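Worksheet: one structure, shown below.
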Amino acid sequence: MDDQWEVQGSRTRLVGETPCWEVEFVKPDGNGHKVLMPQNILEWRAAEYGIDPTDTETLLDIVLHEPHLPVEEPGEDEPQAMRYADGGPTLWEADSTVKARDAHLARVAACPVRIDLTGTELDPVRESHSPDISSVRTMRESVDVQRWIGLYGALPINPNEEADSA
């Protein structure tokens with residue numbers, strides 16, 4: 001059975017020079033829990049998974065459920081590698097943004113912890129989220145390049161560079 005966590009409130013906070021959001025929850029056992037996240041996390045998830053950066057609800061759904069996604073213990077071969085328990089491709093393993101997004105959204109939908117986003121408690125996040133489309137584009141380019149390098153080892157040779165060196 002899924003655990004239902006209730007959002008109690010949210011607020012903006014400055015941690016050092018980093019603008020953040022703090023979200024407060026009540027867990028099924030009655031205990032409180034807080035999450036602190038940098039405000040650019042929504043832009044990063046939009047960039048990583050090719051999601052509309054203004055789709056705050058989808059992005060909030062992802063970032064608030066991610067800490068609760070079941071993962072496998074890392075093996076001795078790759079002590080740093082984190083694997084989701086569903087066996088689907090991670091952002092860095094998927095051969096396309098669409099495949100990475102589909103796998104991640106399916107994981108979030110199957111998360112054993114459920115967080116209802118429909119109330120007004122997250123309005124401070126919704127109201128202060130104003131994505132910088134240029135930054136999201138730059139982030140997405142960085143993610144795409146890193147995924148390509150991870151999958152294929154290097155960037156392809158620019159055909160114009162090949163012709164210039166001949």
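If you're wondering about the labels, chains in the structure tokens are A, B, ... by order shown, residues count from 1 in each chain, ligands from 1 in order shown.
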
Practice item. Identify all residues of chain A in helix (DSSP H, G or I) (DSSP on the backbone) and supply them as a VMD selection string. Key: chain A and resid 41 to 49 56 to 68 97 to 109 120 to 128 133 to 152 159 to 165

**Study point:** Neighbour list for Asp29 of chain A as number ranges by chain, cut-off 12 Å, only C-alpha atoms, skip fewer than 3 positions in-chain
**Key:** A: 3-6, 25-26, 32-33

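Atom CA of Met37 of chain A sits 9.8 Å away from atom CA of Val15 of chain A.
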
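All residues of protein, DNA or RNA that reach within 10 Å of Gln39 of chain A, judged by only C-alpha atoms and not counting those fewer than 4 positions away in the chain, are Thr12, Arg13, Leu14, Thr18, Pro19, Cys20, Trp21, Glu22, Glu43, Trp44, Val125, Ser128, His129, Ser130 and Pro131 of chain A.
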